[in-house]
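J.: One file: target-v5.pdb (PDB, C-alpha atoms and all ligand atoms).
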```
MODEL        1
ATOM      1  CA  MET A   1    -104.986 -93.483 101.863
ATOM      2  CA  PRO A   2    -102.440 -91.816  99.524
ATOM      3  CA  GLY A   3    -102.791 -88.050  99.261
ATOM      4  CA  SER A   4    -104.601 -87.742 102.555
ATOM      5  CA  ILE A   5    -104.489 -84.988 105.164
ATOM      6  CA  ASP A   6    -103.598 -85.895 108.762
ATOM      7  CA  LEU A   7    -104.083 -82.950 111.137
ATOM      8  CA  HIS A   8    -102.862 -84.297 114.511
ATOM      9  CA  THR A   9     -99.475 -85.898 115.241
ATOM     10  CA  HIS A  10     -96.906 -85.872 118.045
ATOM     11  CA  SER A  11     -93.111 -85.949 117.840
ATOM     12  CA  THR A  12     -90.303 -86.143 120.392
ATOM     13  CA  ALA A  13     -91.008 -82.441 121.044
ATOM     14  CA  SER A  14     -93.711 -83.928 123.297
ATOM     15  CA  ASP A  15     -94.727 -87.551 123.888
ATOM     16  CA  GLY A  16     -94.235 -89.068 120.445
ATOM     17  CA  THR A  17     -91.217 -91.283 119.763
ATOM     18  CA  THR A  18     -90.366 -89.895 116.309
ATOM     19  CA  PRO A  19     -88.220 -86.754 115.973
ATOM     20  CA  PRO A  20     -89.959 -84.001 113.957
ATOM     21  CA  GLU A  21     -87.602 -84.385 110.988
ATOM     22  CA  THR A  22     -88.222 -88.150 110.895
ATOM     23  CA  LEU A  23     -91.959 -87.654 111.300
ATOM     24  CA  VAL A  24     -92.255 -85.562 108.131
ATOM     25  CA  ARG A  25     -90.217 -88.136 106.195
ATOM     26  CA  ALA A  26     -92.437 -90.924 107.511
ATOM     27  CA  ALA A  27     -95.526 -88.925 106.563
ATOM     28  CA  SER A  28     -94.180 -88.521 103.045
ATOM     29  CA  GLU A  29     -93.344 -92.221 102.801
ATOM     30  CA  ALA A  30     -96.857 -93.036 104.019
ATOM     31  CA  GLY A  31     -98.108 -91.062 101.023
ATOM     32  CA  LEU A  32     -99.711 -88.202 102.949
ATOM     33  CA  ALA A  33    -100.255 -84.914 101.144
ATOM     34  CA  VAL A  34    -100.449 -82.858 104.349
ATOM     35  CA  VAL A  35     -99.397 -83.480 107.941
ATOM     36  CA  ALA A  36     -99.923 -81.280 110.984
ATOM     37  CA  LEU A  37     -97.428 -81.345 113.854
ATOM     38  CA  THR A  38     -99.383 -80.761 117.064
ATOM     39  CA  ASP A  39     -97.193 -81.493 120.060
ATOM     40  CA  HIS A  40     -98.576 -81.004 123.564
ATOM     41  CA  ASP A  41     -98.225 -77.396 124.767
ATOM     42  CA  THR A  42     -95.243 -76.577 122.539
ATOM     43  CA  THR A  43     -94.120 -75.313 119.145
ATOM     44  CA  GLU A  44     -90.607 -76.650 119.746
ATOM     45  CA  GLY A  45     -90.685 -79.133 116.847
ATOM     46  CA  TRP A  46     -91.904 -76.709 114.171
ATOM     47  CA  ASP A  47     -88.522 -75.602 112.814
ATOM     48  CA  ALA A  48     -87.002 -79.077 112.562
ATOM     49  CA  ALA A  49     -90.117 -80.368 110.772
ATOM     50  CA  ALA A  50     -90.130 -77.404 108.384
ATOM     51  CA  ALA A  51     -86.407 -77.751 107.619
ATOM     52  CA  ALA A  52     -86.814 -81.446 106.750
ATOM     53  CA  LEU A  53     -90.077 -81.129 104.795
ATOM     54  CA  PRO A  54     -89.888 -83.474 101.763
ATOM     55  CA  ASP A  55     -91.065 -82.341  98.310
ATOM     56  CA  GLY A  56     -94.732 -83.056  97.833
ATOM     57  CA  LEU A  57     -95.642 -82.919 101.530
ATOM     58  CA  ARG A  58     -97.231 -79.854 103.113
ATOM     59  CA  LEU A  59     -96.869 -79.006 106.806
ATOM     60  CA  VAL A  60     -99.493 -77.450 109.070
ATOM     61  CA  ARG A  61     -97.864 -76.103 112.206
ATOM     62  CA  GLY A  62     -99.935 -76.433 115.360
ATOM     63  CA  ALA A  63    -100.098 -77.522 118.981
ATOM     64  CA  GLU A  64    -102.421 -79.482 121.258
ATOM     65  CA  ILE A  65    -103.156 -77.364 124.316
ATOM     66  CA  SER A  66    -104.025 -78.769 127.763
ATOM     67  CA  CYS A  67    -107.339 -77.230 128.783
ATOM     68  CA  SER A  68    -110.315 -77.771 131.051
ATOM     69  CA  ARG A  69    -113.851 -76.524 131.515
ATOM     70  CA  GLY A  70    -115.994 -77.105 134.590
ATOM     71  CA  GLY A  71    -113.405 -79.446 136.111
ATOM     72  CA  VAL A  72    -113.214 -81.667 133.012
ATOM     73  CA  SER A  73    -109.933 -81.915 131.100
ATOM     74  CA  LEU A  74    -109.969 -81.453 127.347
ATOM     75  CA  HIS A  75    -107.519 -80.895 124.498
ATOM     76  CA  LEU A  76    -107.630 -77.952 122.107
ATOM     77  CA  LEU A  77    -105.829 -78.084 118.757
ATOM     78  CA  GLY A  78    -104.481 -74.715 117.645
ATOM     79  CA  TYR A  79    -103.376 -74.380 114.030
ATOM     80  CA  LEU A  80    -101.268 -71.812 112.166
ATOM     81  CA  PHE A  81    -100.937 -69.329 115.036
ATOM     82  CA  ASP A  82     -97.972 -66.982 115.469
ATOM     83  CA  PRO A  83     -95.506 -68.891 117.707
ATOM     84  CA  ASP A  84     -93.998 -65.575 118.851
ATOM     85  CA  ASP A  85     -97.266 -64.211 120.168
ATOM     86  CA  ALA A  86     -96.151 -63.264 123.694
ATOM     87  CA  ALA A  87     -99.393 -64.000 125.559
ATOM     88  CA  LEU A  88     -99.866 -67.453 124.021
ATOM     89  CA  ALA A  89     -96.173 -68.404 124.267
ATOM     90  CA  GLU A  90     -96.153 -67.430 127.941
ATOM     91  CA  GLN A  91     -99.174 -69.593 128.748
ATOM     92  CA  LEU A  92     -97.711 -72.561 126.860
ATOM     93  CA  GLY A  93     -94.597 -72.124 129.008
ATOM     94  CA  VAL A  94     -96.694 -72.187 132.180
ATOM     95  CA  LEU A  95     -98.334 -75.438 131.010
ATOM     96  CA  ARG A  96     -94.962 -77.061 130.277
ATOM     97  CA  ASP A  97     -93.494 -76.020 133.652
ATOM     98  CA  SER A  98     -96.519 -77.435 135.428
ATOM     99  CA  ARG A  99     -96.073 -80.730 133.552
ATOM    100  CA  VAL A 100     -92.549 -81.033 134.967
ATOM    101  CA  SER A 101     -93.583 -80.466 138.585
ATOM    102  CA  ARG A 102     -96.562 -82.787 138.182
ATOM    103  CA  ALA A 103     -94.407 -85.570 136.700
ATOM    104  CA  GLU A 104     -91.917 -85.097 139.565
ATOM    105  CA  ARG A 105     -94.851 -85.473 141.973
ATOM    106  CA  MET A 106     -95.916 -88.731 140.349
ATOM    107  CA  VAL A 107     -92.360 -90.095 140.544
ATOM    108  CA  ALA A 108     -92.153 -89.033 144.215
ATOM    109  CA  MET A 109     -95.372 -90.934 144.979
ATOM    110  CA  LEU A 110     -93.990 -94.046 143.257
ATOM    111  CA  VAL A 111     -90.699 -93.772 145.130
ATOM    112  CA  ALA A 112     -92.529 -93.237 148.438
ATOM    113  CA  ASP A 113     -94.239 -96.589 147.863
ATOM    114  CA  GLY A 114     -90.871 -98.251 147.293
ATOM    115  CA  HIS A 115     -91.054 -98.568 143.505
ATOM    116  CA  PRO A 116     -87.640 -98.446 141.807
ATOM    117  CA  VAL A 117     -88.154 -95.519 139.417
ATOM    118  CA  SER A 118     -86.279 -92.253 139.232
ATOM    119  CA  TRP A 119     -86.711 -88.831 137.691
ATOM    120  CA  GLU A 120     -83.555 -89.487 135.655
ATOM    121  CA  GLN A 121     -85.260 -92.474 134.003
ATOM    122  CA  VAL A 122     -88.216 -90.315 133.027
ATOM    123  CA  ARG A 123     -85.866 -87.633 131.690
ATOM    124  CA  GLU A 124     -84.131 -90.200 129.474
ATOM    125  CA  HIS A 125     -87.382 -90.573 127.544
ATOM    126  CA  ALA A 126     -88.478 -86.928 127.538
ATOM    127  CA  ASP A 127     -86.795 -84.649 124.989
ATOM    128  CA  GLY A 128     -89.459 -81.978 125.077
ATOM    129  CA  THR A 129     -92.792 -81.508 126.850
ATOM    130  CA  VAL A 130     -92.952 -84.111 129.638
ATOM    131  CA  GLY A 131     -96.006 -86.378 129.690
ATOM    132  CA  ARG A 132     -97.313 -89.527 131.280
ATOM    133  CA  PRO A 133     -96.068 -91.725 128.387
ATOM    134  CA  HIS A 134     -92.513 -90.879 129.528
ATOM    135  CA  ILE A 135     -93.330 -92.046 133.055
ATOM    136  CA  ALA A 136     -94.932 -95.152 131.538
ATOM    137  CA  ARG A 137     -91.631 -95.871 129.740
ATOM    138  CA  ALA A 138     -89.746 -95.535 133.029
ATOM    139  CA  LEU A 139     -92.170 -98.002 134.648
ATOM    140  CA  ILE A 140     -91.468-100.455 131.808
ATOM    141  CA  ASP A 141     -87.687 -99.947 132.158
ATOM    142  CA  SER A 142     -87.962-100.833 135.839
ATOM    143  CA  GLY A 143     -90.030-103.928 135.086
ATOM    144  CA  LEU A 144     -93.046-102.630 136.999
ATOM    145  CA  VAL A 145     -95.410-102.901 134.031
ATOM    146  CA  ALA A 146     -95.157-104.752 130.734
ATOM    147  CA  THR A 147     -96.837-102.229 128.438
ATOM    148  CA  ILE A 148     -97.758 -98.549 128.158
ATOM    149  CA  GLU A 149    -101.404 -99.583 128.316
ATOM    150  CA  GLU A 150    -100.808-101.281 131.663
ATOM    151  CA  ALA A 151     -99.146 -98.130 133.010
ATOM    152  CA  PHE A 152    -102.311 -96.204 132.129
ATOM    153  CA  THR A 153    -104.516 -98.294 134.440
ATOM    154  CA  SER A 154    -105.839 -97.114 137.818
ATOM    155  CA  ASP A 155    -103.118 -99.100 139.652
ATOM    156  CA  TRP A 156    -100.496 -96.835 138.136
ATOM    157  CA  ILE A 157    -100.735 -93.507 136.297
ATOM    158  CA  GLY A 158    -104.148 -93.740 134.620
ATOM    159  CA  THR A 159    -106.316 -90.651 135.115
ATOM    160  CA  ARG A 160    -107.155 -90.369 138.842
ATOM    161  CA  GLY A 161    -105.218 -93.591 139.366
ATOM    162  CA  ARG A 162    -103.012 -94.432 142.336
ATOM    163  CA  TYR A 163     -99.909 -92.528 141.179
ATOM    164  CA  TRP A 164    -101.649 -89.929 139.026
ATOM    165  CA  ALA A 165    -101.319 -86.209 139.668
ATOM    166  CA  GLY A 166    -103.185 -83.433 137.876
ATOM    167  CA  LYS A 167    -101.492 -80.669 135.925
ATOM    168  CA  HIS A 168    -102.300 -77.040 135.287
ATOM    169  CA  GLU A 169    -104.772 -76.576 132.424
ATOM    170  CA  LEU A 170    -106.029 -73.421 130.710
ATOM    171  CA  ASP A 171    -109.701 -72.642 130.734
ATOM    172  CA  VAL A 172    -110.638 -73.659 127.196
ATOM    173  CA  ILE A 173    -112.416 -70.407 126.360
ATOM    174  CA  ASP A 174    -109.362 -68.402 127.515
ATOM    175  CA  ALA A 175    -107.112 -70.704 125.471
ATOM    176  CA  MET A 176    -109.310 -70.228 122.386
ATOM    177  CA  HIS A 177    -109.078 -66.453 122.755
ATOM    178  CA  LEU A 178    -105.282 -66.692 123.031
ATOM    179  CA  VAL A 179    -104.990 -68.847 119.886
ATOM    180  CA  HIS A 180    -107.393 -66.652 117.907
ATOM    181  CA  ALA A 181    -105.573 -63.475 119.003
ATOM    182  CA  ALA A 182    -102.354 -65.087 117.728
ATOM    183  CA  GLY A 183    -103.983 -65.609 114.315
ATOM    184  CA  GLY A 184    -104.717 -69.301 114.774
ATOM    185  CA  VAL A 185    -107.704 -71.565 114.163
ATOM    186  CA  THR A 186    -109.023 -73.887 116.892
ATOM    187  CA  VAL A 187    -110.363 -77.431 116.710
ATOM    188  CA  PHE A 188    -111.648 -79.443 119.680
ATOM    189  CA  ALA A 189    -109.457 -82.591 119.784
ATOM    190  CA  HIS A 190    -111.211 -85.968 120.252
ATOM    191  CA  PRO A 191    -114.266 -84.417 122.024
ATOM    192  CA  GLY A 192    -115.887 -87.825 122.550
ATOM    193  CA  ALA A 193    -112.867 -89.834 123.767
ATOM    194  CA  ASP A 194    -114.630 -91.078 126.898
ATOM    195  CA  GLY A 195    -112.464 -94.184 127.298
ATOM    196  CA  ARG A 196    -109.817 -92.041 129.023
ATOM    197  CA  GLY A 197    -111.849 -90.083 131.516
ATOM    198  CA  ARG A 198    -114.750 -87.668 131.602
ATOM    199  CA  THR A 199    -115.676 -85.651 128.538
ATOM    200  CA  VAL A 200    -117.526 -82.343 128.444
ATOM    201  CA  GLY A 201    -121.209 -82.101 127.564
ATOM    202  CA  ASP A 202    -122.803 -80.583 124.471
ATOM    203  CA  ASP A 203    -123.278 -77.331 126.406
ATOM    204  CA  VAL A 204    -119.498 -76.792 126.469
ATOM    205  CA  ILE A 205    -119.208 -77.507 122.742
ATOM    206  CA  GLU A 206    -121.973 -74.928 122.159
ATOM    207  CA  GLU A 207    -120.103 -72.421 124.328
ATOM    208  CA  MET A 208    -116.900 -73.084 122.389
ATOM    209  CA  ALA A 209    -118.744 -72.680 119.070
ATOM    210  CA  ALA A 210    -120.065 -69.308 120.285
ATOM    211  CA  ALA A 211    -116.476 -68.307 121.189
ATOM    212  CA  GLY A 212    -115.283 -68.929 117.618
ATOM    213  CA  LEU A 213    -114.291 -72.594 117.583
ATOM    214  CA  GLY A 214    -113.305 -73.668 114.077
ATOM    215  CA  GLY A 215    -114.106 -77.345 114.175
ATOM    216  CA  LEU A 216    -114.522 -80.712 115.838
ATOM    217  CA  GLU A 217    -112.070 -83.578 115.406
ATOM    218  CA  VAL A 218    -114.716 -86.160 114.585
ATOM    219  CA  ASP A 219    -112.712 -88.952 112.966
ATOM    220  CA  HIS A 220    -110.327 -90.115 115.694
ATOM    221  CA  VAL A 221    -109.245 -93.571 116.873
ATOM    222  CA  ASP A 222    -110.845 -93.043 120.298
ATOM    223  CA  HIS A 223    -114.318 -92.408 118.816
ATOM    224  CA  THR A 224    -116.836 -95.178 118.164
ATOM    225  CA  PRO A 225    -118.886 -95.053 114.941
ATOM    226  CA  GLU A 226    -121.872 -93.838 117.025
ATOM    227  CA  THR A 227    -119.820 -91.038 118.595
ATOM    228  CA  ARG A 228    -118.585 -89.955 115.166
ATOM    229  CA  GLU A 229    -122.132 -89.740 113.832
ATOM    230  CA  ARG A 230    -123.308 -87.751 116.860
ATOM    231  CA  LEU A 231    -120.364 -85.313 116.602
ATOM    232  CA  ARG A 232    -120.742 -84.988 112.815
ATOM    233  CA  ALA A 233    -124.383 -84.011 113.274
ATOM    234  CA  MET A 234    -123.444 -81.554 115.988
ATOM    235  CA  ALA A 235    -120.755 -79.963 113.807
ATOM    236  CA  GLY A 236    -123.361 -79.595 111.078
ATOM    237  CA  SER A 237    -125.888 -77.886 113.297
ATOM    238  CA  LEU A 238    -123.301 -75.573 114.899
ATOM    239  CA  GLY A 239    -121.587 -74.661 111.609
ATOM    240  CA  LEU A 240    -118.270 -76.246 112.635
ATOM    241  CA  LEU A 241    -115.688 -77.861 110.381
ATOM    242  CA  VAL A 242    -115.144 -81.634 110.660
ATOM    243  CA  THR A 243    -111.587 -82.915 110.869
ATOM    244  CA  GLY A 244    -110.050 -86.371 111.068
ATOM    245  CA  SER A 245    -106.567 -87.326 112.198
ATOM    246  CA  SER A 246    -104.385 -90.128 113.470
ATOM    247  CA  ASP A 247    -103.069 -88.608 116.739
ATOM    248  CA  PHE A 248     -99.858 -90.458 115.846
ATOM    249  CA  HIS A 249     -97.422 -90.898 118.767
ATOM    250  CA  GLY A 250     -94.817 -93.218 117.168
ATOM    251  CA  SER A 251     -94.426 -96.391 119.215
ATOM    252  CA  ASN A 252     -96.167 -94.784 122.229
ATOM    253  CA  LYS A 253     -99.561 -95.411 120.627
ATOM    254  CA  GLN A 254    -100.989 -98.061 118.293
ATOM    255  CA  VAL A 255    -102.020 -95.816 115.403
ATOM    256  CA  ARG A 256    -100.660 -95.323 111.902
ATOM    257  CA  LEU A 257    -100.037 -91.965 110.229
ATOM    258  CA  GLY A 258    -103.071 -91.131 108.110
ATOM    259  CA  GLU A 259    -105.286 -93.615 109.966
ATOM    260  CA  ASN A 260    -108.015 -90.961 109.923
ATOM    261  CA  ALA A 261    -108.037 -87.996 107.558
ATOM    262  CA  THR A 262    -109.470 -84.555 106.846
ATOM    263  CA  ALA A 263    -111.212 -83.448 103.629
ATOM    264  CA  PRO A 264    -109.167 -81.073 101.413
ATOM    265  CA  GLY A 265    -111.855 -78.370 101.504
ATOM    266  CA  VAL A 266    -111.719 -78.307 105.299
ATOM    267  CA  LEU A 267    -107.977 -77.698 105.280
ATOM    268  CA  ASP A 268    -108.465 -74.906 102.710
ATOM    269  CA  GLU A 269    -110.976 -73.300 105.052
ATOM    270  CA  ILE A 270    -108.632 -73.566 108.069
ATOM    271  CA  ALA A 271    -105.777 -72.085 106.022
ATOM    272  CA  SER A 272    -107.914 -69.226 104.742
ATOM    273  CA  ARG A 273    -109.068 -68.274 108.264
ATOM    274  CA  ALA A 274    -105.565 -68.313 109.794
ATOM    275  CA  THR A 275    -103.396 -65.193 109.888
ATOM    276  CA  GLY A 276    -100.526 -66.398 112.115
ATOM    277  CA  VAL A 277     -98.307 -68.515 109.880
ATOM    278  CA  ASP A 278     -98.832 -70.172 106.496
ATOM    279  CA  VAL A 279     -99.190 -73.816 105.574
ATOM    280  CA  LEU A 280     -95.716 -74.774 104.322
TER     281      LEU A 280
HETATM  282  P1  LIG B   1    -100.512 -86.248 129.904
HETATM  283  O1  LIG B   1    -100.761 -85.216 128.838
HETATM  284  O2  LIG B   1     -99.143 -86.175 130.467
HETATM  285  O3  LIG B   1    -101.590 -86.284 130.960
HETATM  286  O4  LIG B   1    -100.598 -87.648 129.181
HETATM  287  C1  LIG B   1    -101.638 -87.884 128.264
HETATM  288  C2  LIG B   1    -101.074 -88.620 127.075
HETATM  289  O5  LIG B   1    -100.887 -89.966 127.440
HETATM  290  C3  LIG B   1    -101.992 -88.637 125.877
HETATM  291  O6  LIG B   1    -101.746 -87.575 125.005
HETATM  292  C4  LIG B   1    -101.623 -89.940 125.219
HETATM  293  O7  LIG B   1    -100.464 -89.733 124.448
HETATM  294  C5  LIG B   1    -101.243 -90.827 126.368
HETATM  295  N1  LIG B   1    -102.323 -91.698 126.844
HETATM  296  C6  LIG B   1    -103.443 -91.345 127.496
HETATM  297  N2  LIG B   1    -104.187 -92.421 127.816
HETATM  298  C7  LIG B   1    -103.512 -93.489 127.349
HETATM  299  C8  LIG B   1    -103.748 -94.882 127.361
HETATM  300  N3  LIG B   1    -104.833 -95.411 127.923
HETATM  301  N4  LIG B   1    -102.828 -95.678 126.792
HETATM  302  C9  LIG B   1    -101.725 -95.162 126.234
HETATM  303  N5  LIG B   1    -101.446 -93.852 126.185
HETATM  304  C10 LIG B   1    -102.322 -93.026 126.730
HETATM  305 ZN    ZN B   2     -99.940 -87.421 123.858
HETATM  306 FE    FE B   3    -105.188 -85.385 123.061
HETATM  307 FE    FE B   4    -102.774 -85.773 120.733
ENDMDL
END
```
Could you take the file, read its structure, and then write that structure out as structure tokens?
Ligand code: AMP
Ligand code: ZN
Ligand code: FE
Ligand code: FE
T.:
Amino acid sequence: MPGSIDLHTHSTASDGTTPPETLVRAASEAGLAVVALTDHDTTEGWDAAAAALPDGLRLVRGAEISCSRGGVSLHLLGYLFDPDDAALAEQLGVLRDSRVSRAERMVAMLVADGHPVSWEQVREHADGTVGRPHIARALIDSGLVATIEEAFTSDWIGTRGRYWAGKHELDVIDAMHLVHAAGGVTVFAHPGADGRGRTVGDDVIEEMAAAGLGGLEVDHVDHTPETRERLRAMAGSLGLLVTGSSDFHGSNKQVRLGENATAPGVLDEIASRATGVDVL
């Protein structure tokens, strides 16, 4: 929808296929009023996106942080935090380093089974934070799978699949404290995306709300209508903001920019709570 607000996208700074400067142009051409750049565990794309920001488009700078709670992986969106905050920047660096060693482990397991893939092939696809989509691309290059979706099955690199390896994740409450201390606002990304693995229970969402969580990403491609209604009700009862976003990954994922959107008043509230950096 023209004029809409999309608060979750990925660029080549992580596992999207669109460079940050191209992403903001595409967002403008798609008619968005606001786009957030939220690459996995990095702020690397912020400057390029800001420098290329077209007239009429506003940019929310953020990141999607790899977290867990009680052995369950989850993703935390941090918005408008200070990228130079030493404690947060250090932990993001630890997450990125762990992603490299974990991806190397997955490639080593594939090679040990005689599959013709190499670390160099993965590196050709990864400009920034390394992720499984880059390994999926290497599997396609080698003719081992036909699609990214096929790579994400249990025979290959799907969660807990044959060639999957875990990565370091921050305890989500610790991560929230880091983002808040850096002046940022937190939103729980796709809390009900159970098609990809386990999701946390309501008790964890309540704990996060008590620790100052800003909102729940309710409108997301991985949520069924029933899940959205359940999460919307929960946000209401816990006093949390409701966001919606595309989780755009370029050609690594079948979603369009602006496919889901956030209400203007919600963005105003996020912006007014943040003290790290401004909406550009
Ligand atoms: P990683 O963070 O390296 O564990 O990889 C997770 C990323 O892989 C997600 O952010 C998505 O971009 C992508 N992904 C996860 N599950 C799938 C899937 N079933 N099909 C395609 N991409 C997926
Ligand atoms: Zn991703
Ligand atoms: Fe995510
Ligand atoms: Fe994402």
J.: Which residue, A:Asp97, A:Asp203, A:Asp6, A:Glu226, has the smallest gap to ligand FE 4 (chain B) when you use all atoms listed in the file?
T.: A:Asp6
J.: Rank A:Pro264, A:Gly161, A:Gly192, A:Gly3 by their smallest atom-to-atom distance to ligand FE 3 (chain B), using all atoms listed in the file, and report the top residue only.
T.: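 Smallest distance to ligand FE 3 (chain B) is found for A:Gly192.
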J.: Which residues are near ligand LIG 1 (chain B) in this structure, taking near to mean any atom at most 8 Å from a ligand atom and counting only C-alpha atoms and all ligand atoms? Format them as number ranges by chain.
T.: A: 15-16, 40, 66, 99, 103, 130-133, 148-153, 158-159, 166-167, 195-196, 249, 252-253
J.: Using only C-alpha atoms and all ligand atoms, what are the residues with an atom within 9 Å of ligand FE 4 (chain B), set out as a VMD selection string?
T.: chain A and resid 8 to 10 15 38 to 40 63 to 64 75 77 189 to 190 246 to 249
J.: Under the PyMOL selection byres (((chain A and resi 105-109) around 7) and not hetatm), which residues of this model are included? Write them out as a list in words.
T.: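 This file, filtered by the PyMOL selection byres (((chain A and resi 105-109) around 7) and not hetatm), leaves Ser101, Arg102, Ala103, Glu104, Leu110, Val111, Ala112, Asp113, Val117, Ser118, Trp119, Tyr163, Trp164 and Ala165 of chain A.
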J.: What does the distance from CA of Ala211 in chain A to CA of His177 in chain A come to in Å, to one decimal?
T.: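 Pair CA of Ala211 in chain A / CA of His177 in chain A returns 7.8 Å.
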J.: Counting all atoms listed in the file, which residues have an atom no more than 9 Å from (-91.3, -83.8, 118.8) in the file's coordinates? Please list them as number ranges by chain.
T.: A: 10-21, 23, 37-39, 43-46, 48-49, 127-129
J.: Calculated over all atoms listed in the file, which of the candidates A:Ala271, A:Val60, A:Cys67, A:Ala182 has the smallest distance to ligand FE 3 (chain B)?
T.: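 Among the listed residues, the smallest separation from ligand FE 3 (chain B) belongs to A:Cys67.
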J.: How many Å separate CA of Ala136 in chain A from CA of Arg160 in chain A?
T.: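 Going from CA of Ala136 in chain A over to CA of Arg160 in chain A, I get 15.0 Å.
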J.: Neighbouring residues of Gly201 in chain A were defined as those with any atom within 10 Å, considering only C-alpha atoms; residues of the same chain fewer than 2 positions away were excluded. Please report them as a compact mmCIF listing (two decimals) with C-alpha atoms, in the frame of the given file.
T.:
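Wrote around_15.txt, looks like this:
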```txt
# COMPACT_ATOMS: atom_id res chain seq x y z
CA VAL A 72 -113.21 -81.67 133.01
CA PRO A 191 -114.27 -84.42 122.02
CA GLY A 192 -115.89 -87.82 122.55
CA ARG A 198 -114.75 -87.67 131.60
CA THR A 199 -115.68 -85.65 128.54
CA ASP A 203 -123.28 -77.33 126.41
CA VAL A 204 -119.50 -76.79 126.47
CA ILE A 205 -119.21 -77.51 122.74
CA GLU A 206 -121.97 -74.93 122.16
```
J.: List every protein, DNA or RNA residue with an atom no more than 12 Å from (-109.0, -67.3, 108.4) in the file's coordinates, counting all atoms listed in the file, and format the result as a list in words.
T.: Tyr79, Leu80, Phe81, His180, Ala181, Ala182, Gly183, Gly184, Val185, Thr186, Gly212, Leu213, Gly214, Val266, Leu267, Asp268, Glu269, Ile270, Ala271, Ser272, Arg273, Ala274, Thr275, Gly276, Val277 and Asp278 of chain A
J.: Quick one: write out the picked residues with C-alpha atoms as an mmCIF file, in the frame of the given file?
T.:
```
data_model
loop_
_atom_site.group_PDB
_atom_site.id
_atom_site.type_symbol
_atom_site.label_atom_id
_atom_site.label_comp_id
_atom_site.auth_asym_id
_atom_site.auth_seq_id
_atom_site.Cartn_x
_atom_site.Cartn_y
_atom_site.Cartn_z
ATOM 1 C CA TYR A 79 -103.376 -74.380 114.030
ATOM 2 C CA LEU A 80 -101.268 -71.812 112.166
ATOM 3 C CA PHE A 81 -100.937 -69.329 115.036
ATOM 4 C CA HIS A 180 -107.393 -66.652 117.907
ATOM 5 C CA ALA A 181 -105.573 -63.475 119.003
ATOM 6 C CA ALA A 182 -102.354 -65.087 117.728
ATOM 7 C CA GLY A 183 -103.983 -65.609 114.315
ATOM 8 C CA GLY A 184 -104.717 -69.301 114.774
ATOM 9 C CA VAL A 185 -107.704 -71.565 114.163
ATOM 10 C CA THR A 186 -109.023 -73.887 116.892
ATOM 11 C CA GLY A 212 -115.283 -68.929 117.618
ATOM 12 C CA LEU A 213 -114.291 -72.594 117.583
ATOM 13 C CA GLY A 214 -113.305 -73.668 114.077
ATOM 14 C CA VAL A 266 -111.719 -78.307 105.299
ATOM 15 C CA LEU A 267 -107.977 -77.698 105.280
ATOM 16 C CA ASP A 268 -108.465 -74.906 102.710
ATOM 17 C CA GLU A 269 -110.976 -73.300 105.052
ATOM 18 C CA ILE A 270 -108.632 -73.566 108.069
ATOM 19 C CA ALA A 271 -105.777 -72.085 106.022
ATOM 20 C CA SER A 272 -107.914 -69.226 104.742
ATOM 21 C CA ARG A 273 -109.068 -68.274 108.264
ATOM 22 C CA ALA A 274 -105.565 -68.313 109.794
ATOM 23 C CA THR A 275 -103.396 -65.193 109.888
ATOM 24 C CA GLY A 276 -100.526 -66.398 112.115
ATOM 25 C CA VAL A 277 -98.307 -68.515 109.880
ATOM 26 C CA ASP A 278 -98.832 -70.172 106.496
#
```
J.: Kindly indicate which residue among A:Ile5, A:Leu238, A:Ile65, A:Val200 lies nearest to ligand ZN 2 (chain B), using all atoms listed in the file for the distances.
T.: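 Using all atoms listed in the file, ligand ZN 2 (chain B) sits closest to A:Ile65.
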J.: Between A:Thr243, A:Arg256, A:Leu32, A:Asp41, which is the closest to ligand ZN 2 (chain B) once you count only C-alpha atoms and all ligand atoms?
T.: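 Among the listed residues, A:Asp41 lies closest to ligand ZN 2 (chain B).
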J.: Which one of A:Gly244, A:Gly265, A:Gly239, A:Gly215 sits closest to Val35 in chain A if you count all atoms listed in the file?
T.: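 The shortest atom-to-atom distance to Val35 in chain A comes from A:Gly244.
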J.: Step by step, work through what the PyMOL selection byres (((chain A and resi 53) around 12) and not hetatm) selects in the shown file, and finish by giving those residues as a count of residues only.
T.: 32
J.: Could you tell me how far CA of Asp171 in chain A lies from CA of Arg69 in chain A, in Å and to one decimal?
T.: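 For CA of Asp171 in chain A relative to CA of Arg69 in chain A, the distance reads 5.7 Å.
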J.: Name all residues at most 9 Å from Ala193 in chain A (count only C-alpha atoms; drop same-chain ones fewer than 6 positions away) and give them as number ranges by chain.
T.: A: 199, 220-224, 227
